[in-house]
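Colleague: Input: one structure, supplied below.
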Amino acid sequence: MKEKKLIDEIFYPSDTGKKHILFRHADKIWIMPVKGKKQALEMYQPSTKKGKMLKKAVLWCAGIPVISSVLGISVQRMEFHPEIHKYLQKLLEKEEFYIAAYRGDTSSKQNDKITLQLYQTDKIIAYAKLAKDADVIKTFEHEIKALDFLAQKEIQDIPKIIGETTVGRIRVFVQTTKKKLYQKFPLKFESRHIDCIDHIVKKTRQKLHYEDTDFYVYMQYLKSEIETFDVQDGKVLKEAITMIEKRLNSHSCEYAFAHGDYTASNMYEQKGKIQLFDFEYCRNSMPCYIDVFHYMTQILLSGYRNSFHKVIKLYESRRTMLEQYMNDTDFIYLCYLVYIVSFYAKRTETDVLIMQERYRRRIQLIKYLIQKQK
């Protein structure tokens, strides 16, 4: 018998259950109570115009059958896992609260998890992560260790784990949040985004030999996968890795903690300061400020429809700002781009066409930076 998917174990159809909206977009799923759907949609923070339109459509069109079916929206009576519900009630010391769920695309095994937003009409109480796959649970435990490490380094703008348990085979982690409802986070790249990373870098940087770093592991993995790339793309990556390793092997350099997925969807603002969450992809020893280039590139590629030339133009226009924090921005950017290609290659467990789509623009940027380094 085929095992039930995790999402179906958490929320399941029930004639006596409350009405929930089930929203599917691409391979992603959101489940939210009809009463409380506006607050639940805080879990969906799209960066594209299409995504923003879909978010509005979920809010206003869920009750219109014809439109809903086209958009992948349905309304069902559903129950939430009763034992996990009891655990959350006891942990949060609250009898009544809404629960909304999100599951990411399944092109990666890492997304075989459920994220819950626990909230009331006027506030978000906490977030929870659920998984039963052993490898995914390890990433949760990795995140817990990272949050503890950052707390020891006196970095305060991060969540705290307030509970963890196992219900059957399902592992549950619950963490705090200060995020407010309906808070807009503009998709811009400003000095405050660098300040946030600068604080972490200064608290965690250390001198290491290249072979002793997490970054080294990603480079070796990419070397082992070069043959799976298009021939020309493989040549570009080989040249970039050679250039990076020649420099990093020449002497010990400084490396620092990196969030790993420093994007607008994993941050919010509290009293003028950026608060971070979702540290599942973090690493302790990466090139300093590598997160800055992830944020910048993700913002620019999303906002400019993957236009390579516009990304380069905007990157060059921000060079003066970047150089106030770091030396040789081109080299750090090159390190980031090669790393992210390795990251996608390692994370994506699907056909090569999807992977190529994810790294195509990055390799264009790598070629540009290689030419600048010569």
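In the structure tokens, the first chain shown is A, the next is B, and so on; residue numbers restart at 1 for each chain, and ligands run from 1 in the order shown.
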Give me the residues near range 173-182 of chain A as number ranges by chain, where near means some atom within 8 Å (using only C-alpha atoms) and where sequence neighbours in that chain fewer than 2 positions away do not count.

Modeller: A: 39, 42, 122-130, 140, 159-165, 171, 184, 268-270

Colleague: I'd like to know which residues of range 61-226 of chain A are helix (DSSP H, G or I) (by DSSP, run on the backbone); could you write them as JSON, numbers by chain?

Modeller: {"A": [61, 65, 66, 67, 68, 69, 70, 71, 82, 83, 84, 85, 86, 87, 88, 89, 90, 91, 92, 109, 110, 111, 134, 135, 136, 137, 138, 139, 140, 141, 142, 143, 144, 145, 146, 147, 148, 149, 150, 151, 152, 191, 192, 193, 194, 195, 196, 197, 198, 199, 200, 201, 202, 203, 204, 210, 211, 212, 214, 215, 216, 217, 218, 219, 220, 221, 222, 223, 224, 225, 226]}

Colleague: Which is closer to Gln275 in chain A than all the others in A:Ile158, A:Leu22, A:Leu41, A:Ile73, using only C-alpha atoms?

Modeller: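 Among the listed residues, the smallest separation from Gln275 in chain A belongs to A:Ile158.
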
Colleague: Kindly give the distance, in Å, that separates CA of Lys223 in chain A and CA of Thr242 in chain A, rounded to a single decimal.

Modeller: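 Taking CA of Lys223 in chain A as the start and CA of Thr242 in chain A as the end point, the length is 10.2 Å.
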
Colleague: Would you pick out the contacts of Thr166 in chain A at 10 Å or less, using only C-alpha atoms, so that residues sharing its chain but fewer than 3 positions from it are not included, and give the list as a tab-separated table (two decimals) with N, CA, C and O atoms, in the first residue's frame?

Modeller:
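Result went into result-v7.tsv, see below:
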```
chain	number	residue	atom	x	y	z
A	84	ILE	N	-1.45	16.35	17.20
A	84	ILE	CA	-0.55	17.50	17.04
A	84	ILE	C	-1.24	18.78	17.49
A	84	ILE	O	-0.63	19.66	18.11
A	87	TYR	N	-1.01	18.99	21.20
A	87	TYR	CA	0.35	19.38	21.60
A	87	TYR	C	0.55	20.88	21.44
A	87	TYR	O	1.09	21.54	22.34
A	130	LEU	N	6.97	20.48	10.21
A	130	LEU	CA	6.66	19.07	10.40
A	130	LEU	C	7.31	18.25	9.30
A	130	LEU	O	7.31	18.65	8.14
A	131	ALA	N	7.84	17.10	9.67
A	131	ALA	CA	8.43	16.19	8.68
A	131	ALA	C	8.48	14.79	9.28
A	131	ALA	O	8.44	14.61	10.50
A	132	LYS	N	8.59	13.79	8.40
A	132	LYS	CA	8.80	12.43	8.88
A	132	LYS	C	9.98	11.76	8.16
A	132	LYS	O	10.43	10.70	8.58
A	169	ARG	N	5.19	9.06	13.59
A	169	ARG	CA	6.47	9.22	12.88
A	169	ARG	C	6.73	10.68	12.51
A	169	ARG	O	7.73	10.99	11.88
A	170	ILE	N	5.83	11.57	12.91
A	170	ILE	CA	5.95	12.96	12.49
A	170	ILE	C	6.72	13.76	13.54
A	170	ILE	O	6.36	13.79	14.72
A	171	ARG	N	7.78	14.41	13.12
A	171	ARG	CA	8.59	15.27	13.99
A	171	ARG	C	8.06	16.69	13.88
A	171	ARG	O	7.81	17.19	12.78
A	172	VAL	N	7.90	17.34	15.02
A	172	VAL	CA	7.32	18.68	15.08
A	172	VAL	C	8.29	19.64	15.77
A	172	VAL	O	8.78	19.35	16.86
A	173	PHE	N	8.60	20.75	15.11
A	173	PHE	CA	9.43	21.81	15.69
A	173	PHE	C	8.62	23.10	15.68
A	173	PHE	O	8.02	23.45	14.66
```

Colleague: Could you give me, as a ChimeraX atom specification, each residue of range 90-255 of chain A that DSSP assigns to strand (DSSP E) when run on this structure's backbone?

Modeller: /A:98-103,114-120,123-131,161-167,170-176,206-208,253-255

Colleague: Write a file of the selected residues as a PDB file, in the first residue's frame, keeping C-alpha atoms.

Modeller:
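Full text of selection-v1.pdb as output:
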```pdb
ATOM      1  CA  TYR A  98      -6.038  29.170  13.343  1.00  0.00           C
ATOM      2  CA  ILE A  99      -3.670  26.834  11.527  1.00  0.00           C
ATOM      3  CA  ALA A 100      -2.545  27.356   7.933  1.00  0.00           C
ATOM      4  CA  ALA A 101      -0.141  25.035   6.112  1.00  0.00           C
ATOM      5  CA  TYR A 102       2.343  25.251   3.244  1.00  0.00           C
ATOM      6  CA  ARG A 103       4.279  22.605   1.341  1.00  0.00           C
ATOM      7  CA  ILE A 114       4.998  21.143   6.110  1.00  0.00           C
ATOM      8  CA  THR A 115       5.287  24.659   7.496  1.00  0.00           C
ATOM      9  CA  LEU A 116       2.441  25.787   9.747  1.00  0.00           C
ATOM     10  CA  GLN A 117       1.456  29.347  10.576  1.00  0.00           C
ATOM     11  CA  LEU A 118      -0.273  29.439  13.968  1.00  0.00           C
ATOM     12  CA  TYR A 119      -2.248  32.637  14.355  1.00  0.00           C
ATOM     13  CA  GLN A 120      -5.241  34.495  15.692  1.00  0.00           C
ATOM     14  CA  LYS A 123      -1.514  38.315  15.320  1.00  0.00           C
ATOM     15  CA  ILE A 124       0.804  35.488  14.335  1.00  0.00           C
ATOM     16  CA  ILE A 125       1.624  33.372  17.384  1.00  0.00           C
ATOM     17  CA  ALA A 126       4.329  31.019  16.094  1.00  0.00           C
ATOM     18  CA  TYR A 127       5.482  28.854  13.218  1.00  0.00           C
ATOM     19  CA  ALA A 128       5.928  25.095  13.179  1.00  0.00           C
ATOM     20  CA  LYS A 129       7.702  22.677  10.858  1.00  0.00           C
ATOM     21  CA  LEU A 130       6.658  19.075  10.404  1.00  0.00           C
ATOM     22  CA  ALA A 131       8.427  16.191   8.684  1.00  0.00           C
ATOM     23  CA  ILE A 161      12.790  27.031  19.306  1.00  0.00           C
ATOM     24  CA  ILE A 162      10.047  26.759  21.924  1.00  0.00           C
ATOM     25  CA  GLY A 163       9.048  23.136  21.435  1.00  0.00           C
ATOM     26  CA  GLU A 164       9.860  19.892  19.675  1.00  0.00           C
ATOM     27  CA  THR A 165       8.161  16.506  19.822  1.00  0.00           C
ATOM     28  CA  THR A 166       7.369  13.368  17.834  1.00  0.00           C
ATOM     29  CA  VAL A 167       3.795  12.271  17.137  1.00  0.00           C
ATOM     30  CA  ILE A 170       5.949  12.960  12.494  1.00  0.00           C
ATOM     31  CA  ARG A 171       8.591  15.268  13.993  1.00  0.00           C
ATOM     32  CA  VAL A 172       7.324  18.684  15.076  1.00  0.00           C
ATOM     33  CA  PHE A 173       9.428  21.806  15.690  1.00  0.00           C
ATOM     34  CA  VAL A 174       7.852  25.061  16.891  1.00  0.00           C
ATOM     35  CA  GLN A 175       9.575  28.446  16.885  1.00  0.00           C
ATOM     36  CA  THR A 176       8.799  32.003  17.898  1.00  0.00           C
ATOM     37  CA  GLN A 206      37.182  33.149  11.351  1.00  0.00           C
ATOM     38  CA  LYS A 207      40.373  32.400   9.446  1.00  0.00           C
ATOM     39  CA  LEU A 208      40.384  28.928   7.927  1.00  0.00           C
ATOM     40  CA  CYS A 253      41.118  33.510   4.301  1.00  0.00           C
ATOM     41  CA  GLU A 254      38.232  34.639   6.456  1.00  0.00           C
ATOM     42  CA  TYR A 255      34.958  32.736   6.277  1.00  0.00           C
TER      43      TYR A 255
END
```
